[in-house]
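Asks: Following this line is data03.pdb, made up of PDB, C-alpha atoms, pLDDT in the B column:
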```
ATOM      1  CA  MET A   1     135.188  79.602  47.200  1.00 59.00           C
ATOM      2  CA  ALA A   2     131.526  79.561  46.191  1.00 72.00           C
ATOM      3  CA  THR A   3     130.193  82.524  44.224  1.00 85.00           C
ATOM      4  CA  PRO A   4     127.121  84.460  45.448  1.00 86.00           C
ATOM      5  CA  SER A   5     125.107  82.815  42.678  1.00 87.00           C
ATOM      6  CA  GLY A   6     126.322  79.365  43.707  1.00 89.00           C
ATOM      7  CA  SER A   7     125.615  80.066  47.382  1.00 90.00           C
ATOM      8  CA  TRP A   8     122.086  81.150  46.477  1.00 91.00           C
ATOM      9  CA  MET A   9     121.449  77.917  44.600  1.00 92.00           C
ATOM     10  CA  GLN A  10     122.788  75.904  47.527  1.00 92.00           C
ATOM     11  CA  GLU A  11     120.466  77.716  49.925  1.00 92.00           C
ATOM     12  CA  PHE A  12     117.542  77.193  47.567  1.00 93.00           C
ATOM     13  CA  ASN A  13     118.270  73.456  47.288  1.00 94.00           C
ATOM     14  CA  GLU A  14     118.273  73.176  51.084  1.00 93.00           C
ATOM     15  CA  ALA A  15     114.946  75.015  51.234  1.00 92.00           C
ATOM     16  CA  SER A  16     113.555  72.706  48.557  1.00 93.00           C
ATOM     17  CA  LYS A  17     114.664  69.641  50.550  1.00 93.00           C
ATOM     18  CA  LEU A  18     112.955  71.076  53.638  1.00 92.00           C
ATOM     19  CA  GLY A  19     109.788  71.502  51.576  1.00 90.00           C
ATOM     20  CA  ASP A  20     109.958  67.852  50.520  1.00 91.00           C
ATOM     21  CA  GLU A  21     110.464  66.848  54.158  1.00 91.00           C
ATOM     22  CA  ILE A  22     107.401  68.855  55.234  1.00 89.00           C
ATOM     23  CA  ASN A  23     105.347  67.353  52.425  1.00 88.00           C
ATOM     24  CA  GLY A  24     106.382  63.880  53.572  1.00 88.00           C
ATOM     25  CA  MET A  25     105.387  64.690  57.163  1.00 85.00           C
ATOM     26  CA  ILE A  26     101.953  65.873  56.026  1.00 82.00           C
ATOM     27  CA  ASN A  27     101.391  62.851  53.811  1.00 82.00           C
ATOM     28  CA  GLY A  28     102.618  60.545  56.583  1.00 74.00           C
ATOM     29  CA  LYS A  29     100.154  62.109  59.024  1.00 55.00           C
ATOM     30  CA  ASN A  30      97.270  61.754  56.568  1.00 50.00           C
ATOM     31  CA  SER A  31      98.058  58.062  55.994  1.00 50.00           C
ATOM     32  CA  SER A  32      97.927  57.212  59.714  1.00 49.00           C
ATOM     33  CA  PRO A  33      94.871  57.381  62.013  1.00 47.00           C
ATOM     34  CA  PRO A  34      94.750  60.293  64.486  1.00 49.00           C
ATOM     35  CA  SER A  35      96.055  59.450  67.931  1.00 50.00           C
ATOM     36  CA  GLY A  36      95.223  62.374  70.153  1.00 57.00           C
ATOM     37  CA  SER A  37      98.198  64.136  71.720  1.00 66.00           C
ATOM     38  CA  GLU A  38     100.678  62.334  69.448  1.00 74.00           C
ATOM     39  CA  THR A  39      98.962  63.806  66.396  1.00 73.00           C
ATOM     40  CA  GLN A  40      98.996  67.260  67.984  1.00 75.00           C
ATOM     41  CA  ARG A  41     102.770  67.027  68.515  1.00 80.00           C
ATOM     42  CA  HIS A  42     103.215  65.939  64.897  1.00 80.00           C
ATOM     43  CA  LEU A  43     101.135  68.873  63.657  1.00 80.00           C
ATOM     44  CA  SER A  44     103.067  71.330  65.834  1.00 82.00           C
ATOM     45  CA  ALA A  45     106.423  70.045  64.557  1.00 85.00           C
ATOM     46  CA  THR A  46     105.223  70.329  60.954  1.00 87.00           C
ATOM     47  CA  ARG A  47     103.946  73.858  61.533  1.00 86.00           C
ATOM     48  CA  ARG A  48     107.323  74.918  62.979  1.00 89.00           C
ATOM     49  CA  LYS A  49     109.116  73.576  59.897  1.00 89.00           C
ATOM     50  CA  ILE A  50     106.740  75.522  57.627  1.00 90.00           C
ATOM     51  CA  THR A  51     107.582  78.699  59.551  1.00 91.00           C
ATOM     52  CA  ILE A  52     111.305  77.990  59.138  1.00 91.00           C
ATOM     53  CA  LEU A  53     110.852  77.370  55.416  1.00 91.00           C
ATOM     54  CA  ARG A  54     108.975  80.654  54.960  1.00 90.00           C
ATOM     55  CA  THR A  55     111.827  82.459  56.708  1.00 92.00           C
ATOM     56  CA  LYS A  56     114.299  80.809  54.331  1.00 90.00           C
ATOM     57  CA  LEU A  57     112.220  81.922  51.344  1.00 92.00           C
ATOM     58  CA  ASP A  58     112.215  85.529  52.597  1.00 92.00           C
ATOM     59  CA  ILE A  59     116.003  85.395  52.941  1.00 92.00           C
ATOM     60  CA  LEU A  60     116.384  83.874  49.472  1.00 92.00           C
ATOM     61  CA  GLN A  61     114.234  86.641  47.997  1.00 92.00           C
ATOM     62  CA  SER A  62     116.413  89.288  49.644  1.00 92.00           C
ATOM     63  CA  LEU A  63     119.607  87.598  48.429  1.00 90.00           C
ATOM     64  CA  LEU A  64     118.238  87.290  44.900  1.00 90.00           C
ATOM     65  CA  THR A  65     117.323  90.976  44.819  1.00 91.00           C
ATOM     66  CA  ALA A  66     120.858  91.919  45.849  1.00 90.00           C
ATOM     67  CA  LEU A  67     122.557  89.338  43.597  1.00 88.00           C
ATOM     68  CA  PRO A  68     123.013  91.556  40.466  1.00 89.00           C
ATOM     69  CA  SER A  69     125.051  94.013  42.529  1.00 89.00           C
ATOM     70  CA  LYS A  70     127.467  91.270  43.568  1.00 87.00           C
ATOM     71  CA  GLN A  71     128.054  89.496  40.249  1.00 88.00           C
ATOM     72  CA  PRO A  72     126.787  89.665  36.688  1.00 89.00           C
ATOM     73  CA  ILE A  73     123.623  87.657  36.064  1.00 88.00           C
ATOM     74  CA  SER A  74     121.338  87.618  33.052  1.00 90.00           C
ATOM     75  CA  GLY A  75     117.748  88.741  33.162  1.00 90.00           C
ATOM     76  CA  LYS A  76     116.660  85.311  31.981  1.00 92.00           C
ATOM     77  CA  GLU A  77     118.425  83.659  34.904  1.00 92.00           C
ATOM     78  CA  MET A  78     116.892  86.155  37.344  1.00 92.00           C
ATOM     79  CA  ASN A  79     113.420  85.372  36.008  1.00 94.00           C
ATOM     80  CA  ARG A  80     114.093  81.635  36.273  1.00 94.00           C
ATOM     81  CA  ARG A  81     115.103  81.951  39.896  1.00 92.00           C
ATOM     82  CA  GLN A  82     112.121  84.178  40.632  1.00 94.00           C
ATOM     83  CA  ASP A  83     109.876  81.463  39.191  1.00 94.00           C
ATOM     84  CA  MET A  84     111.640  78.850  41.357  1.00 94.00           C
ATOM     85  CA  LEU A  85     110.958  80.919  44.461  1.00 93.00           C
ATOM     86  CA  LYS A  86     107.360  81.545  43.419  1.00 93.00           C
ATOM     87  CA  ASN A  87     106.688  77.847  42.823  1.00 93.00           C
ATOM     88  CA  LEU A  88     108.220  76.847  46.143  1.00 92.00           C
ATOM     89  CA  SER A  89     106.268  79.588  47.918  1.00 91.00           C
ATOM     90  CA  THR A  90     103.041  78.322  46.344  1.00 92.00           C
ATOM     91  CA  LYS A  91     103.900  74.808  47.478  1.00 90.00           C
ATOM     92  CA  VAL A  92     104.480  76.059  51.034  1.00 89.00           C
ATOM     93  CA  ASN A  93     101.115  77.831  51.086  1.00 90.00           C
ATOM     94  CA  GLN A  94      99.341  74.723  49.844  1.00 88.00           C
ATOM     95  CA  MET A  95     101.043  72.587  52.504  1.00 86.00           C
ATOM     96  CA  ALA A  96     100.105  75.115  55.199  1.00 86.00           C
ATOM     97  CA  THR A  97      96.483  75.026  54.075  1.00 85.00           C
ATOM     98  CA  THR A  98      96.492  71.228  54.120  1.00 81.00           C
ATOM     99  CA  LEU A  99      98.063  71.250  57.574  1.00 80.00           C
ATOM    100  CA  ASN A 100      95.424  73.597  58.959  1.00 78.00           C
ATOM    101  CA  MET A 101      92.688  71.407  57.544  1.00 75.00           C
ATOM    102  CA  SER A 102      94.323  68.368  59.158  1.00 69.00           C
ATOM    103  CA  SER A 103      94.536  70.244  62.451  1.00 66.00           C
ATOM    104  CA  ALA A 104      90.854  71.140  62.234  1.00 62.00           C
ATOM    105  CA  ALA A 105      89.969  67.532  61.415  1.00 57.00           C
ATOM    106  CA  ASN A 106      91.994  66.279  64.365  1.00 55.00           C
ATOM    107  CA  ARG A 107      90.260  68.744  66.678  1.00 55.00           C
ATOM    108  CA  GLU A 108      86.919  67.520  65.350  1.00 50.00           C
ATOM    109  CA  ASN A 109      87.886  63.899  66.093  1.00 50.00           C
ATOM    110  CA  LEU A 110      88.840  64.855  69.643  1.00 48.00           C
ATOM    111  CA  PHE A 111      86.038  67.270  70.555  1.00 46.00           C
ATOM    112  CA  GLY A 112      83.313  66.572  68.001  1.00 47.00           C
ATOM    113  CA  PRO A 113      82.319  68.388  64.808  1.00 47.00           C
ATOM    114  CA  ASP A 114      83.522  71.958  64.427  1.00 47.00           C
ATOM    115  CA  LYS A 115      81.281  74.175  62.335  1.00 50.00           C
ATOM    116  CA  LYS A 116      84.236  76.467  61.619  1.00 54.00           C
ATOM    117  CA  THR A 117      86.007  73.850  59.481  1.00 51.00           C
ATOM    118  CA  ASP A 118      83.767  74.337  56.440  1.00 53.00           C
ATOM    119  CA  ASP A 119      83.990  78.082  56.906  1.00 61.00           C
ATOM    120  CA  ILE A 120      87.800  77.933  56.863  1.00 58.00           C
ATOM    121  CA  VAL A 121      87.798  75.917  53.651  1.00 58.00           C
ATOM    122  CA  ASN A 122      85.366  78.326  52.001  1.00 61.00           C
ATOM    123  CA  ARG A 123      87.385  81.351  53.056  1.00 62.00           C
ATOM    124  CA  ALA A 124      90.636  79.827  51.781  1.00 60.00           C
ATOM    125  CA  SER A 125      89.277  78.882  48.376  1.00 60.00           C
ATOM    126  CA  GLY A 126      89.990  81.367  45.609  1.00 62.00           C
ATOM    127  CA  LEU A 127      92.783  83.214  47.454  1.00 64.00           C
ATOM    128  CA  ASP A 128      96.076  83.979  45.697  1.00 66.00           C
ATOM    129  CA  ASN A 129      99.488  83.381  47.283  1.00 67.00           C
ATOM    130  CA  HIS A 130      99.498  86.698  49.123  1.00 70.00           C
ATOM    131  CA  GLY A 131      95.971  86.114  50.370  1.00 69.00           C
ATOM    132  CA  LEU A 132      96.790  82.598  51.534  1.00 68.00           C
ATOM    133  CA  VAL A 133      99.782  83.864  53.524  1.00 70.00           C
ATOM    134  CA  GLY A 134      97.640  86.441  55.288  1.00 74.00           C
ATOM    135  CA  PHE A 135      94.896  83.900  55.859  1.00 71.00           C
ATOM    136  CA  GLN A 136      97.333  81.368  57.353  1.00 73.00           C
ATOM    137  CA  ARG A 137      98.741  83.974  59.709  1.00 77.00           C
ATOM    138  CA  GLN A 138      95.225  84.909  60.807  1.00 78.00           C
ATOM    139  CA  ILE A 139      94.362  81.251  61.497  1.00 76.00           C
ATOM    140  CA  MET A 140      97.580  80.767  63.494  1.00 77.00           C
ATOM    141  CA  LYS A 141      96.833  83.931  65.479  1.00 80.00           C
ATOM    142  CA  GLU A 142      93.335  82.681  66.303  1.00 77.00           C
ATOM    143  CA  GLN A 143      94.746  79.319  67.381  1.00 76.00           C
ATOM    144  CA  ASP A 144      97.342  81.030  69.599  1.00 79.00           C
ATOM    145  CA  GLU A 145      94.621  83.146  71.225  1.00 80.00           C
ATOM    146  CA  GLY A 146      92.565  80.007  71.870  1.00 76.00           C
ATOM    147  CA  LEU A 147      95.555  78.294  73.474  1.00 78.00           C
ATOM    148  CA  GLU A 148      96.214  81.338  75.671  1.00 79.00           C
ATOM    149  CA  LYS A 149      92.603  81.299  76.908  1.00 77.00           C
ATOM    150  CA  LEU A 150      92.868  77.561  77.569  1.00 79.00           C
ATOM    151  CA  GLU A 151      96.078  78.131  79.534  1.00 79.00           C
ATOM    152  CA  GLU A 152      94.383  80.814  81.637  1.00 77.00           C
ATOM    153  CA  THR A 153      91.493  78.452  82.378  1.00 79.00           C
ATOM    154  CA  VAL A 154      93.841  75.620  83.358  1.00 78.00           C
ATOM    155  CA  THR A 155      95.869  77.955  85.604  1.00 79.00           C
ATOM    156  CA  SER A 156      92.722  79.269  87.291  1.00 74.00           C
ATOM    157  CA  THR A 157      91.449  75.721  87.853  1.00 80.00           C
ATOM    158  CA  LYS A 158      94.801  74.755  89.346  1.00 76.00           C
ATOM    159  CA  HIS A 159      94.680  77.653  91.816  1.00 74.00           C
ATOM    160  CA  ILE A 160      91.136  76.729  92.843  1.00 78.00           C
ATOM    161  CA  ALA A 161      92.176  73.099  93.371  1.00 77.00           C
ATOM    162  CA  LEU A 162      95.126  74.188  95.545  1.00 77.00           C
ATOM    163  CA  ALA A 163      92.863  76.427  97.642  1.00 74.00           C
ATOM    164  CA  VAL A 164      90.337  73.615  98.129  1.00 75.00           C
ATOM    165  CA  ASN A 165      93.138  71.250  99.119  1.00 80.00           C
ATOM    166  CA  GLU A 166      94.436  73.715 101.730  1.00 78.00           C
ATOM    167  CA  GLU A 167      90.916  74.147 103.104  1.00 76.00           C
ATOM    168  CA  LEU A 168      90.423  70.381 103.364  1.00 79.00           C
ATOM    169  CA  THR A 169      93.783  70.010 105.094  1.00 81.00           C
ATOM    170  CA  LEU A 170      92.801  72.668 107.652  1.00 77.00           C
ATOM    171  CA  HIS A 171      89.435  71.030 108.331  1.00 75.00           C
ATOM    172  CA  THR A 172      91.108  67.641 108.745  1.00 81.00           C
ATOM    173  CA  LYS A 173      93.505  69.093 111.306  1.00 80.00           C
ATOM    174  CA  LEU A 174      90.652  70.742 113.203  1.00 76.00           C
ATOM    175  CA  LEU A 175      88.723  67.466 113.296  1.00 79.00           C
ATOM    176  CA  ASP A 176      91.796  65.607 114.541  1.00 79.00           C
ATOM    177  CA  ASP A 177      92.311  68.197 117.284  1.00 75.00           C
ATOM    178  CA  LEU A 178      88.643  68.002 118.262  1.00 75.00           C
ATOM    179  CA  ASP A 179      88.800  64.199 118.408  1.00 76.00           C
ATOM    180  CA  GLU A 180      91.870  64.373 120.626  1.00 78.00           C
ATOM    181  CA  HIS A 181      90.203  66.923 122.893  1.00 72.00           C
ATOM    182  CA  VAL A 182      87.090  64.736 123.193  1.00 73.00           C
ATOM    183  CA  ASP A 183      89.267  61.756 124.165  1.00 77.00           C
ATOM    184  CA  VAL A 184      91.018  63.787 126.862  1.00 75.00           C
ATOM    185  CA  THR A 185      87.694  65.077 128.212  1.00 75.00           C
ATOM    186  CA  ASN A 186      86.239  61.561 128.217  1.00 76.00           C
ATOM    187  CA  SER A 187      89.248  60.272 130.130  1.00 79.00           C
ATOM    188  CA  ARG A 188      88.894  63.002 132.733  1.00 76.00           C
ATOM    189  CA  LEU A 189      85.174  62.312 133.062  1.00 76.00           C
ATOM    190  CA  GLN A 190      85.829  58.616 133.688  1.00 80.00           C
ATOM    191  CA  THR A 191      88.364  59.540 136.369  1.00 80.00           C
ATOM    192  CA  VAL A 192      85.860  61.810 138.083  1.00 73.00           C
ATOM    193  CA  GLN A 193      83.203  59.090 137.878  1.00 76.00           C
ATOM    194  CA  ARG A 194      85.507  56.623 139.596  1.00 78.00           C
ATOM    195  CA  LYS A 195      86.208  59.148 142.345  1.00 72.00           C
ATOM    196  CA  LEU A 196      82.502  59.773 142.763  1.00 70.00           C
ATOM    197  CA  ALA A 197      81.840  56.057 143.020  1.00 71.00           C
ATOM    198  CA  PHE A 198      84.538  55.769 145.656  1.00 68.00           C
ATOM    199  CA  LEU A 199      83.138  58.774 147.542  1.00 64.00           C
ATOM    200  CA  ASN A 200      79.638  57.329 147.341  1.00 63.00           C
ATOM    201  CA  LYS A 201      80.777  54.185 149.090  1.00 67.00           C
ATOM    202  CA  ARG A 202      82.294  56.169 151.923  1.00 62.00           C
ATOM    203  CA  THR A 203      79.395  58.545 152.414  1.00 58.00           C
ATOM    204  CA  LYS A 204      75.805  57.548 153.168  1.00 54.00           C
ATOM    205  CA  GLY A 205      72.490  59.324 153.592  1.00 52.00           C
ATOM    206  CA  GLY A 206      70.773  62.307 151.993  1.00 54.00           C
ATOM    207  CA  CYS A 207      73.741  64.586 152.521  1.00 59.00           C
ATOM    208  CA  SER A 208      75.911  62.376 150.405  1.00 60.00           C
ATOM    209  CA  CYS A 209      73.308  62.388 147.612  1.00 64.00           C
ATOM    210  CA  LEU A 210      73.188  66.180 147.664  1.00 67.00           C
ATOM    211  CA  ILE A 211      76.948  66.381 147.529  1.00 70.00           C
ATOM    212  CA  LEU A 212      77.060  63.947 144.615  1.00 69.00           C
ATOM    213  CA  LEU A 213      74.394  65.934 142.793  1.00 73.00           C
ATOM    214  CA  VAL A 214      76.302  69.206 143.250  1.00 77.00           C
ATOM    215  CA  ILE A 215      79.555  67.598 142.133  1.00 79.00           C
ATOM    216  CA  ALA A 216      77.889  66.052 139.062  1.00 76.00           C
ATOM    217  CA  ILE A 217      76.415  69.438 138.094  1.00 81.00           C
ATOM    218  CA  VAL A 218      79.794  71.129 138.499  1.00 80.00           C
ATOM    219  CA  ILE A 219      81.490  68.454 136.401  1.00 82.00           C
ATOM    220  CA  LEU A 220      78.835  68.745 133.693  1.00 77.00           C
ATOM    221  CA  ILE A 221      79.253  72.537 133.579  1.00 81.00           C
ATOM    222  CA  VAL A 222      83.039  72.192 133.334  1.00 74.00           C
ATOM    223  CA  VAL A 223      82.797  69.678 130.486  1.00 72.00           C
ATOM    224  CA  ILE A 224      80.281  71.758 128.523  1.00 74.00           C
ATOM    225  CA  TRP A 225      82.299  74.927 129.048  1.00 72.00           C
ATOM    226  CA  GLY A 226      85.456  73.199 127.860  1.00 68.00           C
ATOM    227  CA  LEU A 227      83.792  71.983 124.675  1.00 65.00           C
ATOM    228  CA  PHE A 228      82.312  75.409 123.865  1.00 63.00           C
ATOM    229  CA  LYS A 229      85.647  77.068 124.575  1.00 61.00           C
ATOM    230  CA  TYR A 230      87.371  74.750 122.096  1.00 55.00           C
ATOM    231  CA  LEU A 231      84.756  75.271 119.391  1.00 57.00           C
TER     232      LEU A 231
END
```
The structure in this file should be written as structure tokens.
Replies:
Amino acid sequence: MATPSGSWMQEFNEASKLGDEINGMINGKNSSPPSGSETQRHLSATRRKITILRTKLDILQSLLTALPSKQPISGKEMNRRQDMLKNLSTKVNQMATTLNMSSAANRENLFGPDKKTDDIVNRASGLDNHGLVGFQRQIMKEQDEGLEKLEETVTSTKHIALAVNEELTLHTKLLDDLDEHVDVTNSRLQTVQRKLAFLNKRTKGGCSCLILLVIAIVILIVVIWGLFKYL
């Protein structure tokens, strides 16, 4: 059965391996040209691993603080392990800073130069480990807020597009109905015209002309009334 000291070392070695993996991911990204969304996914995966590693370091610090109460350990060994944690924490902060710079560079390649990039570098320079941690959290918070605003904009645009589509569908249906109604009215008008032609052959003289004129006026009124009623 592993001792608390041995378990701590095993956990630290796993954290150290994760740090090497993150460093390899960052170096691999820097050695390849940016490729839009693929690069964004790579940066997001790397950032998640950095968050996991920081959580592991917090747990290791808590375990190390409680270690003397579980088994005897020399002060020299405690200091050595504290230095190991400090060095790994510094490495994590440096990798996080490099990752944020890579993210800013990728955003610049996609959307053009970003004046905030130089400002970020200037603000990060000269900070100690504690300052870098706070600075990284602030940058991540700002990025999250930007993504939330972008999501709201996309959602609003989607709703507008759906409303426009429904409006176009309604207008298309109204035009189809109007076209059908015009066809029916035209068919009826042709039928009436044929009947008038037949009636004209059977009736002669001025009386027949007056009758035809009255009938034509009535038909015209009916057609116009039907169209206005539909509209």
Asks: I'd like the residues picked by the PyMOL selection byres ((chain A and resi 52-60) around 8) written out as number ranges by chain, using the chain letters and numbers from the file.
Replies: A: 8, 11-12, 15, 18-19, 48-51, 61-64, 85, 89, 92
Asks: Could you please take those selected residues and save C-alpha atoms as a PDB file, keeping the file's coordinate frame?
Replies:
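Contents of out12.pdb, freshly written:
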```
ATOM      1  CA  TRP A   8     122.086  81.150  46.477  1.00 91.00           C
ATOM      2  CA  GLU A  11     120.466  77.716  49.925  1.00 92.00           C
ATOM      3  CA  PHE A  12     117.542  77.193  47.567  1.00 93.00           C
ATOM      4  CA  ALA A  15     114.946  75.015  51.234  1.00 92.00           C
ATOM      5  CA  LEU A  18     112.955  71.076  53.638  1.00 92.00           C
ATOM      6  CA  GLY A  19     109.788  71.502  51.576  1.00 90.00           C
ATOM      7  CA  ARG A  48     107.323  74.918  62.979  1.00 89.00           C
ATOM      8  CA  LYS A  49     109.116  73.576  59.897  1.00 89.00           C
ATOM      9  CA  ILE A  50     106.740  75.522  57.627  1.00 90.00           C
ATOM     10  CA  THR A  51     107.582  78.699  59.551  1.00 91.00           C
ATOM     11  CA  GLN A  61     114.234  86.641  47.997  1.00 92.00           C
ATOM     12  CA  SER A  62     116.413  89.288  49.644  1.00 92.00           C
ATOM     13  CA  LEU A  63     119.607  87.598  48.429  1.00 90.00           C
ATOM     14  CA  LEU A  64     118.238  87.290  44.900  1.00 90.00           C
ATOM     15  CA  LEU A  85     110.958  80.919  44.461  1.00 93.00           C
ATOM     16  CA  SER A  89     106.268  79.588  47.918  1.00 91.00           C
ATOM     17  CA  VAL A  92     104.480  76.059  51.034  1.00 89.00           C
TER      18      VAL A  92
END
```
Asks: Between A:Ile26, A:Leu88, A:Ser74, A:Asp83, which residue has the minimum interatomic distance to Asn100 (chain A), considering all atoms listed in the file?
Replies: A:Ile26
Asks: Would you mind reading off the distance between CA of Glu148 (chain A) and CA of Asn93 (chain A), one decimal, in Å?
Replies: 25.3 Å
Asks: Report the distance between CA of Ser187 (chain A) and CA of Ile224 (chain A) in Å, rounded to one decimal place.
Replies: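 CA of Ile224 (chain A) lies 14.7 Å from CA of Ser187 (chain A).
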Asks: In Å, rounded to a single decimal, give me how far CA of Thr46 (chain A) is from CA of Ile22 (chain A).
Replies: 6.3 Å
Asks: Taking the point (101.1, 69.1, 61.9) as given in the file, collect each protein or nucleic acid residue that comes within 8 Å of it, counting all atoms listed in the file, and present the set as a PyMOL selection string.
Replies: chain A and resi 25-26+29+39-47+99-100+102-103
Asks: Would you please work out which residue, of A:Lys173, A:Arg188, A:Arg80, A:His130, is nearest to Leu220 (chain A) when using only C-alpha atoms?
Replies: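 Counting only C-alpha atoms, the residue closest to Leu220 (chain A) is A:Arg188.
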Asks: Go through A:Thr65, A:Thr153, A:Gln10, A:Thr185 one by one, measure the shortest atom-to-atom distance of each to Gln82 (chain A) using all atoms listed in the file, and give the residue with the smallest value.
Replies: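 Of all the options, A:Thr65 lies closest to Gln82 (chain A).
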Asks: Choose the residue, out of A:Leu147, A:Leu189, A:Ala197, A:Ala96, that has the smallest atom-to-atom separation from Val133 (chain A); count all atoms listed in the file.
Replies: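 Ranked by minimum distance to Val133 (chain A), first place goes to A:Ala96.
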Asks: I need region 9-25 of chain A written out with N, CA, C and O atoms, as a compact mmCIF listing (two decimals), in the first residue's frame; please produce it.
Replies:
```
# COMPACT_ATOMS: atom_id res chain seq x y z
N MET A 9 3.86 11.99 -4.45
CA MET A 9 4.83 12.01 -5.54
C MET A 9 4.22 11.47 -6.84
O MET A 9 4.48 11.98 -7.93
N GLN A 10 3.38 10.45 -6.70
CA GLN A 10 2.72 9.89 -7.89
C GLN A 10 1.79 10.93 -8.52
O GLN A 10 1.77 11.10 -9.75
N GLU A 11 1.04 11.62 -7.68
CA GLU A 11 0.15 12.67 -8.20
C GLU A 11 0.95 13.80 -8.84
O GLU A 11 0.56 14.34 -9.89
N PHE A 12 2.07 14.15 -8.23
CA PHE A 12 2.89 15.22 -8.80
C PHE A 12 3.46 14.79 -10.15
O PHE A 12 3.53 15.61 -11.09
N ASN A 13 3.91 13.55 -10.26
CA ASN A 13 4.46 13.07 -11.54
C ASN A 13 3.40 13.11 -12.64
O ASN A 13 3.69 13.46 -13.80
N GLU A 14 2.16 12.77 -12.30
CA GLU A 14 1.08 12.84 -13.28
C GLU A 14 0.83 14.29 -13.70
O GLU A 14 0.59 14.58 -14.88
N ALA A 15 0.87 15.20 -12.73
CA ALA A 15 0.69 16.62 -13.06
C ALA A 15 1.83 17.11 -13.94
O ALA A 15 1.63 17.89 -14.87
N SER A 16 3.05 16.66 -13.64
CA SER A 16 4.20 17.06 -14.45
C SER A 16 4.07 16.55 -15.88
O SER A 16 4.40 17.26 -16.85
N LYS A 17 3.59 15.31 -16.05
CA LYS A 17 3.38 14.76 -17.39
C LYS A 17 2.32 15.57 -18.14
O LYS A 17 2.45 15.82 -19.35
N LEU A 18 1.27 15.98 -17.42
CA LEU A 18 0.23 16.80 -18.06
C LEU A 18 0.82 18.14 -18.50
O LEU A 18 0.48 18.65 -19.57
N GLY A 19 1.72 18.70 -17.68
CA GLY A 19 2.38 19.94 -18.07
C GLY A 19 3.21 19.77 -19.33
O GLY A 19 3.21 20.63 -20.22
N ASP A 20 3.92 18.64 -19.43
CA ASP A 20 4.70 18.37 -20.64
C ASP A 20 3.79 18.21 -21.86
O ASP A 20 4.12 18.66 -22.96
N GLU A 21 2.63 17.57 -21.64
CA GLU A 21 1.68 17.39 -22.74
C GLU A 21 1.15 18.75 -23.22
O GLU A 21 1.06 19.00 -24.43
N ILE A 22 0.83 19.63 -22.27
CA ILE A 22 0.34 20.97 -22.64
C ILE A 22 1.41 21.74 -23.38
O ILE A 22 1.14 22.41 -24.39
N ASN A 23 2.65 21.64 -22.90
CA ASN A 23 3.75 22.34 -23.55
C ASN A 23 3.93 21.84 -24.98
O ASN A 23 4.18 22.63 -25.91
N GLY A 24 3.78 20.53 -25.18
CA GLY A 24 3.87 19.98 -26.52
C GLY A 24 2.74 20.46 -27.42
O GLY A 24 2.95 20.73 -28.61
N MET A 25 1.53 20.60 -26.87
CA MET A 25 0.40 21.10 -27.65
C MET A 25 0.63 22.54 -28.08
O MET A 25 0.32 22.92 -29.21
```
